[in-house]
$ cat model.cif   # mmCIF, C-alpha atoms and all ligand atoms
data_model
loop_
_atom_site.group_PDB
_atom_site.id
_atom_site.type_symbol
_atom_site.label_atom_id
_atom_site.label_comp_id
_atom_site.auth_asym_id
_atom_site.auth_seq_id
_atom_site.Cartn_x
_atom_site.Cartn_y
_atom_site.Cartn_z
ATOM 1 C CA MET A 1 91.932 -7.114 -51.542
ATOM 2 C CA PRO A 2 89.614 -8.102 -54.421
ATOM 3 C CA VAL A 3 86.973 -9.416 -51.963
ATOM 4 C CA ASN A 4 86.013 -7.609 -48.791
ATOM 5 C CA VAL A 5 83.499 -9.316 -46.496
ATOM 6 C CA SER A 6 81.832 -7.200 -43.816
ATOM 7 C CA SER A 7 78.930 -7.930 -41.476
ATOM 8 C CA GLU A 8 76.295 -6.699 -43.973
ATOM 9 C CA THR A 9 77.878 -6.749 -47.443
ATOM 10 C CA VAL A 10 80.514 -8.330 -49.639
ATOM 11 C CA LYS A 11 82.467 -6.111 -52.005
ATOM 12 C CA LEU A 12 84.280 -7.400 -55.093
ATOM 13 C CA SER A 13 86.783 -5.181 -56.911
ATOM 14 C CA LEU A 14 88.480 -5.554 -60.259
ATOM 15 C CA GLY A 15 90.296 -2.548 -61.743
ATOM 16 C CA ALA A 16 87.730 0.236 -62.348
ATOM 17 C CA SER A 17 84.844 -2.179 -61.703
ATOM 18 C CA SER A 18 83.293 -3.219 -58.428
ATOM 19 C CA VAL A 19 80.223 -5.003 -57.147
ATOM 20 C CA GLU A 20 78.633 -4.866 -53.721
ATOM 21 C CA VAL A 21 76.271 -7.568 -52.503
ATOM 22 C CA ALA A 22 74.073 -7.289 -49.413
ATOM 23 C CA LEU A 23 73.917 -10.503 -47.391
ATOM 24 C CA LYS A 24 70.205 -9.772 -47.070
ATOM 25 C CA GLY A 25 68.840 -11.530 -50.114
ATOM 26 C CA ALA A 26 72.314 -11.817 -51.697
ATOM 27 C CA THR A 27 71.041 -8.657 -53.375
ATOM 28 C CA VAL A 28 73.587 -7.023 -55.660
ATOM 29 C CA ILE A 29 73.282 -3.385 -54.564
ATOM 30 C CA SER A 30 75.994 -1.797 -56.678
ATOM 31 C CA TYR A 31 77.735 -2.496 -59.946
ATOM 32 C CA VAL A 32 80.285 0.100 -60.927
ATOM 33 C CA HIS A 33 81.512 -0.456 -64.471
ATOM 34 C CA ASP A 34 83.977 1.886 -66.121
ATOM 35 C CA GLY A 35 83.806 4.139 -63.078
ATOM 36 C CA ARG A 36 79.989 4.584 -63.254
ATOM 37 C CA GLU A 37 77.201 3.109 -61.120
ATOM 38 C CA ARG A 38 74.948 0.940 -63.315
ATOM 39 C CA LEU A 39 72.256 -0.066 -60.816
ATOM 40 C CA PHE A 40 69.533 1.895 -59.077
ATOM 41 C CA VAL A 41 68.877 1.411 -55.362
ATOM 42 C CA SER A 42 66.305 3.583 -53.607
ATOM 43 C CA SER A 43 67.879 5.566 -50.782
ATOM 44 C CA LYS A 44 64.910 4.459 -48.666
ATOM 45 C CA SER A 45 66.068 0.829 -48.805
ATOM 46 C CA ASP A 46 67.322 -0.803 -45.652
ATOM 47 C CA ILE A 47 70.146 -3.167 -46.534
ATOM 48 C CA ARG A 48 70.732 -4.450 -42.993
ATOM 49 C CA THR A 49 70.249 -8.142 -42.259
ATOM 50 C CA SER A 50 68.272 -7.183 -39.128
ATOM 51 C CA ASP A 51 65.560 -5.683 -41.356
ATOM 52 C CA SER A 52 63.145 -8.077 -43.040
ATOM 53 C CA THR A 53 61.971 -6.001 -46.009
ATOM 54 C CA ALA A 54 63.250 -6.459 -49.556
ATOM 55 C CA ILE A 55 65.780 -3.989 -50.931
ATOM 56 C CA ARG A 56 64.162 -1.628 -53.468
ATOM 57 C CA GLY A 57 66.663 -1.829 -56.275
ATOM 58 C CA GLY A 58 69.870 -3.524 -57.335
ATOM 59 C CA VAL A 59 69.238 -7.152 -58.255
ATOM 60 C CA PRO A 60 66.706 -8.724 -55.888
ATOM 61 C CA LEU A 61 66.563 -12.479 -56.338
ATOM 62 C CA CYS A 62 63.001 -13.808 -56.508
ATOM 63 C CA TRP A 63 62.543 -17.436 -55.440
ATOM 64 C CA PRO A 64 60.579 -19.771 -55.173
ATOM 65 C CA VAL A 65 57.833 -17.600 -56.669
ATOM 66 C CA PHE A 66 57.735 -14.614 -58.954
ATOM 67 C CA GLY A 67 54.981 -12.108 -58.202
ATOM 68 C CA PRO A 68 52.097 -13.064 -55.937
ATOM 69 C CA PRO A 69 52.195 -16.761 -54.940
ATOM 70 C CA PRO A 70 49.688 -18.921 -56.825
ATOM 71 C CA SER A 71 46.525 -19.431 -54.787
ATOM 72 C CA ASP A 72 45.916 -22.962 -56.085
ATOM 73 C CA ASN A 73 48.934 -24.593 -54.405
ATOM 74 C CA GLU A 74 48.983 -24.937 -50.615
ATOM 75 C CA LEU A 75 52.790 -25.204 -50.653
ATOM 76 C CA PHE A 76 53.046 -21.499 -51.512
ATOM 77 C CA SER A 77 50.180 -20.215 -49.372
ATOM 78 C CA LYS A 78 52.389 -18.621 -46.695
ATOM 79 C CA LEU A 79 54.772 -16.888 -49.096
ATOM 80 C CA LYS A 80 54.935 -13.201 -49.856
ATOM 81 C CA GLN A 81 55.249 -11.672 -53.328
ATOM 82 C CA HIS A 82 58.530 -12.771 -55.021
ATOM 83 C CA GLY A 83 59.233 -15.346 -52.263
ATOM 84 C CA PHE A 84 61.679 -15.408 -49.360
ATOM 85 C CA ALA A 85 65.095 -15.553 -51.051
ATOM 86 C CA ARG A 86 65.295 -11.764 -51.402
ATOM 87 C CA THR A 87 64.741 -11.175 -47.685
ATOM 88 C CA SER A 88 66.658 -14.128 -46.223
ATOM 89 C CA VAL A 89 70.207 -13.802 -44.964
ATOM 90 C CA TRP A 90 72.616 -15.717 -47.208
ATOM 91 C CA GLU A 91 76.024 -17.047 -46.228
ATOM 92 C CA VAL A 92 79.280 -16.683 -48.113
ATOM 93 C CA ALA A 93 80.268 -20.187 -49.230
ATOM 94 C CA ASP A 94 83.331 -19.499 -51.366
ATOM 95 C CA GLN A 95 85.417 -16.788 -52.968
ATOM 96 C CA GLN A 96 87.847 -16.994 -55.855
ATOM 97 C CA ASP A 97 90.261 -14.595 -57.457
ATOM 98 C CA SER A 98 91.613 -15.774 -60.813
ATOM 99 C CA GLN A 99 92.866 -14.561 -64.188
ATOM 100 C CA GLU A 100 89.255 -14.347 -65.385
ATOM 101 C CA GLY A 101 87.900 -12.210 -62.555
ATOM 102 C CA VAL A 102 86.635 -12.240 -59.001
ATOM 103 C CA LYS A 103 83.871 -14.541 -57.803
ATOM 104 C CA VAL A 104 81.876 -14.939 -54.623
ATOM 105 C CA VAL A 105 79.482 -17.820 -54.046
ATOM 106 C CA PHE A 106 76.505 -17.298 -51.724
ATOM 107 C CA LYS A 107 74.396 -20.077 -50.290
ATOM 108 C CA LEU A 108 70.899 -20.382 -48.858
ATOM 109 C CA SER A 109 69.402 -23.509 -47.261
ATOM 110 C CA PRO A 110 66.193 -23.780 -45.240
ATOM 111 C CA THR A 111 66.359 -22.026 -41.874
ATOM 112 C CA GLU A 112 63.680 -22.447 -39.185
ATOM 113 C CA ALA A 113 62.060 -19.210 -40.421
ATOM 114 C CA ILE A 114 62.010 -20.492 -44.008
ATOM 115 C CA LYS A 115 60.702 -23.922 -42.944
ATOM 116 C CA SER A 116 57.764 -22.191 -41.259
ATOM 117 C CA VAL A 117 56.604 -20.818 -44.636
ATOM 118 C CA PHE A 118 57.981 -23.385 -47.124
ATOM 119 C CA LYS A 119 58.266 -27.037 -46.246
ATOM 120 C CA LEU A 120 60.357 -28.528 -49.064
ATOM 121 C CA PRO A 121 64.138 -28.918 -48.830
ATOM 122 C CA PHE A 122 66.330 -27.001 -51.285
ATOM 123 C CA THR A 123 69.822 -25.643 -51.698
ATOM 124 C CA LEU A 124 70.378 -22.376 -53.544
ATOM 125 C CA THR A 125 73.808 -21.218 -54.603
ATOM 126 C CA TYR A 126 74.281 -17.860 -56.253
ATOM 127 C CA THR A 127 77.548 -16.917 -57.889
ATOM 128 C CA VAL A 128 78.424 -13.275 -58.435
ATOM 129 C CA ASP A 129 81.252 -13.218 -60.947
ATOM 130 C CA LEU A 130 82.857 -9.882 -61.757
ATOM 131 C CA ARG A 131 84.893 -9.958 -64.959
ATOM 132 C CA PRO A 132 86.711 -7.106 -66.717
ATOM 133 C CA TYR A 133 83.813 -6.261 -69.051
ATOM 134 C CA THR A 134 80.834 -8.143 -67.630
ATOM 135 C CA LEU A 135 78.991 -9.174 -64.525
ATOM 136 C CA VAL A 136 77.774 -12.775 -64.554
ATOM 137 C CA LEU A 137 75.118 -13.876 -62.052
ATOM 138 C CA THR A 138 74.374 -17.580 -61.759
ATOM 139 C CA LEU A 139 71.576 -19.108 -59.728
ATOM 140 C CA HIS A 140 71.840 -22.814 -59.065
ATOM 141 C CA VAL A 141 68.945 -24.701 -57.474
ATOM 142 C CA GLU A 142 69.263 -28.227 -56.098
ATOM 143 C CA ASN A 143 66.603 -30.561 -54.780
ATOM 144 C CA PRO A 144 68.491 -32.531 -52.108
ATOM 145 C CA SER A 145 65.425 -34.534 -51.079
ATOM 146 C CA SER A 146 65.479 -38.318 -51.125
ATOM 147 C CA ALA A 147 61.676 -38.439 -51.053
ATOM 148 C CA VAL A 148 59.629 -38.516 -54.233
ATOM 149 C CA ALA A 149 58.424 -34.910 -54.140
ATOM 150 C CA ALA A 150 59.544 -32.598 -56.920
ATOM 151 C CA LEU A 151 60.545 -29.077 -55.948
ATOM 152 C CA PRO A 152 58.396 -26.551 -57.847
ATOM 153 C CA PHE A 153 59.652 -22.996 -58.315
ATOM 154 C CA GLN A 154 59.757 -19.846 -60.357
ATOM 155 C CA ALA A 155 62.812 -17.582 -60.287
ATOM 156 C CA ALA A 156 63.878 -14.101 -61.326
ATOM 157 C CA LEU A 157 66.850 -11.783 -61.205
ATOM 158 C CA HIS A 158 64.926 -8.539 -60.868
ATOM 159 C CA THR A 159 67.583 -6.131 -62.155
ATOM 160 C CA TYR A 160 67.010 -2.371 -61.691
ATOM 161 C CA PHE A 161 69.217 -0.694 -64.345
ATOM 162 C CA ARG A 162 70.109 2.886 -63.451
ATOM 163 C CA LEU A 163 69.418 5.139 -66.444
ATOM 164 C CA PRO A 164 72.174 7.382 -67.800
ATOM 165 C CA GLN A 165 72.025 11.073 -66.846
ATOM 166 C CA GLY A 166 69.128 12.874 -68.576
ATOM 167 C CA VAL A 167 67.411 9.645 -69.716
ATOM 168 C CA ARG A 168 63.879 8.841 -68.488
ATOM 169 C CA PRO A 169 61.988 5.533 -68.866
ATOM 170 C CA PRO A 170 60.052 6.627 -72.008
ATOM 171 C CA ASP A 171 63.460 7.231 -73.661
ATOM 172 C CA VAL A 172 64.348 3.567 -73.122
ATOM 173 C CA SER A 173 63.552 0.679 -75.433
ATOM 174 C CA VAL A 174 64.242 -3.045 -75.378
ATOM 175 C CA ASP A 175 65.137 -5.026 -78.505
ATOM 176 C CA GLY A 176 64.553 -8.748 -78.941
ATOM 177 C CA LEU A 177 60.927 -9.091 -77.839
ATOM 178 C CA GLU A 178 59.203 -8.895 -81.241
ATOM 179 C CA ASN A 179 56.667 -11.667 -81.928
ATOM 180 C CA LEU A 180 56.769 -12.986 -78.359
ATOM 181 C CA ALA A 181 53.654 -13.673 -76.306
ATOM 182 C CA TYR A 182 53.392 -11.567 -73.169
ATOM 183 C CA ASN A 183 51.129 -11.062 -70.179
ATOM 184 C CA ASP A 184 50.344 -7.419 -69.574
ATOM 185 C CA LYS A 185 50.057 -6.998 -65.791
ATOM 186 C CA VAL A 186 48.817 -3.415 -66.220
ATOM 187 C CA SER A 187 45.828 -4.156 -68.494
ATOM 188 C CA GLY A 188 45.375 -7.739 -67.282
ATOM 189 C CA GLU A 189 45.552 -9.078 -70.868
ATOM 190 C CA GLN A 190 47.170 -12.482 -71.274
ATOM 191 C CA LYS A 191 49.238 -13.951 -74.078
ATOM 192 C CA VAL A 192 49.200 -10.888 -76.297
ATOM 193 C CA THR A 193 51.631 -10.946 -79.231
ATOM 194 C CA GLU A 194 54.283 -8.223 -79.217
ATOM 195 C CA ARG A 195 54.370 -6.476 -82.594
ATOM 196 C CA ARG A 196 57.100 -3.946 -81.921
ATOM 197 C CA LYS A 197 60.727 -4.473 -82.801
ATOM 198 C CA GLU A 198 61.708 -2.020 -80.092
ATOM 199 C CA VAL A 199 59.535 -2.026 -76.980
ATOM 200 C CA VAL A 200 59.415 1.463 -75.495
ATOM 201 C CA VAL A 201 59.265 1.593 -71.697
ATOM 202 C CA ASP A 202 55.971 3.447 -71.446
ATOM 203 C CA GLY A 203 52.295 2.733 -70.866
ATOM 204 C CA PRO A 204 49.205 4.138 -69.196
ATOM 205 C CA ASN A 205 50.462 6.717 -66.644
ATOM 206 C CA GLY A 206 53.960 5.693 -67.689
ATOM 207 C CA GLU A 207 53.509 2.197 -66.229
ATOM 208 C CA ILE A 208 54.751 -0.943 -67.964
ATOM 209 C CA ASP A 209 54.718 -4.408 -66.382
ATOM 210 C CA ARG A 210 55.030 -7.260 -68.833
ATOM 211 C CA VAL A 211 56.145 -10.867 -68.706
ATOM 212 C CA TYR A 212 57.508 -11.967 -72.095
ATOM 213 C CA PHE A 213 57.512 -15.715 -72.586
ATOM 214 C CA ARG A 214 60.334 -17.644 -74.250
ATOM 215 C CA ALA A 215 62.445 -14.540 -74.620
ATOM 216 C CA PRO A 216 65.653 -14.880 -76.628
ATOM 217 C CA ASN A 217 68.820 -15.275 -74.650
ATOM 218 C CA GLU A 218 70.108 -11.896 -75.777
ATOM 219 C CA LEU A 219 68.220 -8.671 -75.091
ATOM 220 C CA VAL A 220 69.444 -5.144 -75.681
ATOM 221 C CA MET A 221 68.380 -1.982 -73.867
ATOM 222 C CA ARG A 222 68.800 1.272 -75.803
ATOM 223 C CA PHE A 223 68.606 4.912 -74.762
ATOM 224 C CA LYS A 224 67.185 7.504 -77.152
ATOM 225 C CA GLY A 225 69.917 9.690 -78.622
ATOM 226 C CA GLN A 226 72.749 7.749 -76.990
ATOM 227 C CA ALA A 227 75.203 5.267 -78.466
ATOM 228 C CA GLU A 228 75.554 3.307 -75.238
ATOM 229 C CA THR A 229 73.561 0.075 -74.902
ATOM 230 C CA VAL A 230 73.084 -2.499 -72.176
ATOM 231 C CA LYS A 231 73.252 -6.123 -73.228
ATOM 232 C CA VAL A 232 71.650 -8.879 -71.173
ATOM 233 C CA THR A 233 72.643 -12.427 -72.042
ATOM 234 C CA LYS A 234 70.758 -15.113 -70.197
ATOM 235 C CA SER A 235 70.356 -18.875 -70.148
ATOM 236 C CA GLY A 236 68.066 -21.135 -68.137
ATOM 237 C CA PHE A 237 65.697 -18.237 -67.436
ATOM 238 C CA ALA A 238 63.202 -18.736 -70.270
ATOM 239 C CA ASP A 239 61.257 -15.510 -69.794
ATOM 240 C CA ALA A 240 61.914 -11.796 -69.373
ATOM 241 C CA VAL A 241 60.115 -8.994 -67.567
ATOM 242 C CA VAL A 242 60.090 -5.291 -68.387
ATOM 243 C CA TRP A 243 58.890 -3.198 -65.451
ATOM 244 C CA ASN A 244 58.656 0.426 -64.482
ATOM 245 C CA PRO A 245 55.769 1.696 -62.339
ATOM 246 C CA GLY A 246 55.624 5.191 -63.894
ATOM 247 C CA PRO A 247 55.111 8.353 -61.825
ATOM 248 C CA LYS A 248 51.556 7.676 -60.616
ATOM 249 C CA LYS A 249 52.126 4.209 -59.180
ATOM 250 C CA GLY A 250 55.817 4.849 -58.476
ATOM 251 C CA SER A 251 55.046 7.662 -56.083
ATOM 252 C CA THR A 252 52.841 5.332 -54.022
ATOM 253 C CA ILE A 253 55.624 2.771 -53.439
ATOM 254 C CA ALA A 254 56.570 3.291 -49.793
ATOM 255 C CA ASP A 255 60.283 2.554 -50.088
ATOM 256 C CA MET A 256 60.785 4.444 -53.372
ATOM 257 C CA GLU A 257 62.942 7.535 -53.012
ATOM 258 C CA GLU A 258 61.468 10.824 -54.291
ATOM 259 C CA GLY A 259 61.275 10.561 -58.102
ATOM 260 C CA GLY A 260 63.163 7.233 -58.033
ATOM 261 C CA TYR A 261 60.802 5.595 -60.563
ATOM 262 C CA ASP A 262 62.275 7.932 -63.189
ATOM 263 C CA ARG A 263 65.823 6.678 -62.626
ATOM 264 C CA TYR A 264 65.607 3.002 -63.580
ATOM 265 C CA VAL A 265 64.112 0.332 -65.786
ATOM 266 C CA CYS A 266 63.891 -3.292 -64.712
ATOM 267 C CA LEU A 267 64.832 -5.845 -67.357
ATOM 268 C CA GLU A 268 64.609 -9.155 -65.577
ATOM 269 C CA GLY A 269 65.680 -12.657 -66.482
ATOM 270 C CA CYS A 270 62.907 -14.912 -65.192
ATOM 271 C CA GLN A 271 61.500 -18.388 -65.143
ATOM 272 C CA VAL A 272 57.800 -17.659 -64.763
ATOM 273 C CA GLU A 273 55.914 -20.136 -66.888
ATOM 274 C CA PRO A 274 55.887 -23.036 -66.468
ATOM 275 C CA PHE A 275 57.116 -23.624 -62.917
ATOM 276 C CA VAL A 276 60.239 -25.760 -62.879
ATOM 277 C CA TYR A 277 59.516 -29.126 -61.203
ATOM 278 C CA LEU A 278 62.858 -30.367 -59.984
ATOM 279 C CA ASP A 279 62.964 -34.055 -59.173
ATOM 280 C CA PRO A 280 64.906 -35.258 -56.103
ATOM 281 C CA GLY A 281 68.652 -35.213 -56.716
ATOM 282 C CA LYS A 282 68.304 -32.907 -59.740
ATOM 283 C CA ASP A 283 69.479 -29.355 -60.238
ATOM 284 C CA TRP A 284 68.696 -26.290 -62.359
ATOM 285 C CA THR A 285 70.886 -23.371 -63.389
ATOM 286 C CA GLY A 286 69.991 -19.903 -64.638
ATOM 287 C CA THR A 287 72.592 -17.359 -65.730
ATOM 288 C CA TYR A 288 72.225 -13.647 -66.368
ATOM 289 C CA GLU A 289 75.101 -11.627 -67.769
ATOM 290 C CA VAL A 290 75.284 -7.857 -68.099
ATOM 291 C CA SER A 291 77.615 -6.004 -70.453
ATOM 292 C CA PHE A 292 77.756 -2.552 -72.057
ATOM 293 C CA ASP A 293 78.523 -1.293 -75.536
ATOM 294 C CA GLN A 294 79.500 2.281 -76.207
HETATM 295 C C1 LIG A 301 57.982 -6.791 -61.057
HETATM 296 C C2 LIG A 301 56.562 -7.250 -61.200
HETATM 297 O O1 LIG A 301 58.866 -7.770 -61.435
HETATM 298 O O2 LIG A 301 58.210 -6.447 -59.674
HETATM 299 C C3 LIG A 301 55.643 -6.124 -60.770
HETATM 300 O O3 LIG A 301 56.318 -7.633 -62.541
HETATM 301 C C4 LIG A 301 55.970 -5.688 -59.355
HETATM 302 O O4 LIG A 301 54.298 -6.540 -60.874
HETATM 303 C C5 LIG A 301 57.433 -5.342 -59.268
HETATM 304 O O5 LIG A 301 55.170 -4.569 -59.007
HETATM 305 C C6 LIG A 301 57.895 -4.894 -57.887
HETATM 306 O O6 LIG A 301 57.575 -5.822 -56.927
HETATM 307 P P1 LIG A 301 57.889 -5.555 -55.413
HETATM 308 O O7 LIG A 301 57.316 -6.714 -54.653
HETATM 309 O O8 LIG A 301 59.372 -5.478 -55.277
HETATM 310 O O9 LIG A 301 57.235 -4.246 -55.062
#
$ encode --input "model.cif" --output "structure tokens" --more "lines below"
Ligand code: BG6
Amino acid sequence: MPVNVSSETVKLSLGASSVEVALKGATVISYVHDGRERLFVSSKSDIRTSDSTAIRGGVPLCWPVFGPPPSDNELFSKLKQHGFARTSVWEVADQQDSQEGVKVVFKLSPTEAIKSVFKLPFTLTYTVDLRPYTLVLTLHVENPSSAVAALPFQAALHTYFRLPQGVRPPDVSVDGLENLAYNDKVSGEQKVTERRKEVVVDGPNGEIDRVYFRAPNELVMRFKGQAETVKVTKSGFADAVVWNPGPKKGSTIADMEEGGYDRYVCLEGCQVEPFVYLDPGKDWTGTYEVSFDQ
């Protein structure tokens, strides 16, 4: 069976590729391509729907805020960092098996728990589409309200790429960010211009945490001394984030497995600035596609 739905996860299979998605957060927790796991998930993560913490790894979906909620808007005052989508239980709305690949559509609408922290109506659909050579993730946001209020949000697909054997974060670089403005969340500097053609995943104490604005729709991750590359192709998500906490901060993250910070780099497709303001009846789509070159 190309799609296997269990009480906690949904598994999609296509030849030597497979994807597993936890219903908690519709978090993609595994992507096996060409027989190899491509995502990092900390072994300290709890993927069960009965647990309310976010999964440390895979592809957490951040919505309706990215990072700490803004303090100047009452609407977001009860939200936690990265919002509630990554910890809410999603439902399976559809599944399709076609010539092109295998697809599962997940859906999230306001529950009583969500309404207690976020009062605006919304419908989120998230399509996980496994194709022979790529994984395509599509977030679709609708404002079903008939009132006048726009639905403001940020969004991110917070992908934790597992590094190949023997590769550490400082051996990783990202192409495509040259000349972009970025906020450096480590130094606190805002709207700095990136001068490097290849951004090395390193910083003070090994930490890097940057939001690049208006990032191109194609970004490439390279590994020192290796021919293999990871290609991210996005649309809708205007921005991109490069994050790794480094050993000092990484070892203080409660749900990080021992040394886990050395095994991944996050390259995220995001809509950080400005917030999207979705008028009633309107919708927004962001796509994020992952592929590999040898
Ligand atoms: C990144 C942010 O996207 O997520 C970082 O830029 C943050 O600032 C990181 O530390 C992890 O966030 P969390 O909430 O999953 O620990």
$ closest_atom_pairs --input "model.cif" --of "chain A" --to "ligand LIG 301 (chain A)" --cutoff "8 Å" --atoms "only C-alpha atoms and all ligand atoms" --output "CSV"
residue,atom,partner,partner_atom,distance
A:Ala54,CA,A:LIG301,O8,7.0
A:Ile55,CA,A:LIG301,O8,7.9
A:Arg56,CA,A:LIG301,O8,6.4
A:Phe66,CA,A:LIG301,O1,7.4
A:Gly67,CA,A:LIG301,C2,5.9
A:Gln81,CA,A:LIG301,O7,5.5
A:His82,CA,A:LIG301,O7,6.2
A:His158,CA,A:LIG301,O1,6.1
A:Lys185,CA,A:LIG301,O4,6.5
A:Asp209,CA,A:LIG301,O3,5.3
A:Arg210,CA,A:LIG301,O3,6.4
A:Val211,CA,A:LIG301,O3,7.0
A:Val241,CA,A:LIG301,O1,6.4
A:Val242,CA,A:LIG301,O3,7.3
A:Trp243,CA,A:LIG301,C1,5.7
A:Asn244,CA,A:LIG301,C5,7.9
A:Pro245,CA,A:LIG301,O5,7.1
A:Ile253,CA,A:LIG301,O9,7.4
A:Cys266,CA,A:LIG301,O1,7.5
A:Glu268,CA,A:LIG301,O1,7.2
$ atom_distance --input "model.cif" --atom1 "CA of Leu267 in chain A" --atom2 "CA of Pro152 in chain A"
23.7 Å
$ closest_residue --input "model.cif" --among "A:Leu79, A:Leu135, A:Leu180, A:Ile114" --to "Ser30 in chain A" --atoms "all atoms listed in the file"
A:Leu135
$ axis_aligned_box --input "model.cif" --around "range 140-153 of chain A" --padding-each-side "8 Å" --output "AutoDock Vina command-line options"
--center_x 65.1 --center_y -30.7 --center_z -55.1 --size_x 29.4 --size_y 31.7 --size_z 24.0
$ residues_near_point --input "model.cif" --point "(68.6, -10.2, -41.5)" --cutoff "10 Å" --atoms "all atoms listed in the file" --output "CSV table (one decimal) with C-alpha atoms, in the frame of the given file"
chain,number,residue,atom,x,y,z
A,8,GLU,CA,76.3,-6.7,-44.0
A,23,LEU,CA,73.9,-10.5,-47.4
A,24,LYS,CA,70.2,-9.8,-47.1
A,25,GLY,CA,68.8,-11.5,-50.1
A,47,ILE,CA,70.1,-3.2,-46.5
A,48,ARG,CA,70.7,-4.4,-43.0
A,49,THR,CA,70.2,-8.1,-42.3
A,50,SER,CA,68.3,-7.2,-39.1
A,51,ASP,CA,65.6,-5.7,-41.4
A,52,SER,CA,63.1,-8.1,-43.0
A,53,THR,CA,62.0,-6.0,-46.0
A,87,THR,CA,64.7,-11.2,-47.7
A,88,SER,CA,66.7,-14.1,-46.2
A,89,VAL,CA,70.2,-13.8,-45.0
A,90,TRP,CA,72.6,-15.7,-47.2
$ decode --input "model.cif" --residues "range 188-205 of chain A" --atoms "C-alpha atoms" --output "mmCIF file, in the first residue's frame"
data_model
loop_
_atom_site.group_PDB
_atom_site.id
_atom_site.type_symbol
_atom_site.label_atom_id
_atom_site.label_comp_id
_atom_site.auth_asym_id
_atom_site.auth_seq_id
_atom_site.Cartn_x
_atom_site.Cartn_y
_atom_site.Cartn_z
ATOM 1 C CA GLY A 188 20.871 41.050 17.173
ATOM 2 C CA GLU A 189 21.898 43.028 14.055
ATOM 3 C CA GLN A 190 19.100 43.837 11.628
ATOM 4 C CA LYS A 191 19.075 44.178 7.862
ATOM 5 C CA VAL A 192 22.735 43.387 7.330
ATOM 6 C CA THR A 193 23.774 42.737 3.721
ATOM 7 C CA GLU A 194 25.165 39.270 3.015
ATOM 8 C CA ARG A 195 28.460 39.550 1.138
ATOM 9 C CA ARG A 196 29.297 35.878 0.789
ATOM 10 C CA LYS A 197 28.463 33.803 -2.245
ATOM 11 C CA GLU A 198 28.504 30.693 -0.091
ATOM 12 C CA VAL A 199 27.244 31.118 3.463
ATOM 13 C CA VAL A 200 29.084 28.732 5.769
ATOM 14 C CA VAL A 201 26.999 27.312 8.616
ATOM 15 C CA ASP A 202 29.134 28.656 11.441
ATOM 16 C CA GLY A 203 29.205 31.559 13.876
ATOM 17 C CA PRO A 204 30.112 32.450 17.439
ATOM 18 C CA ASN A 205 30.270 29.126 19.354
#
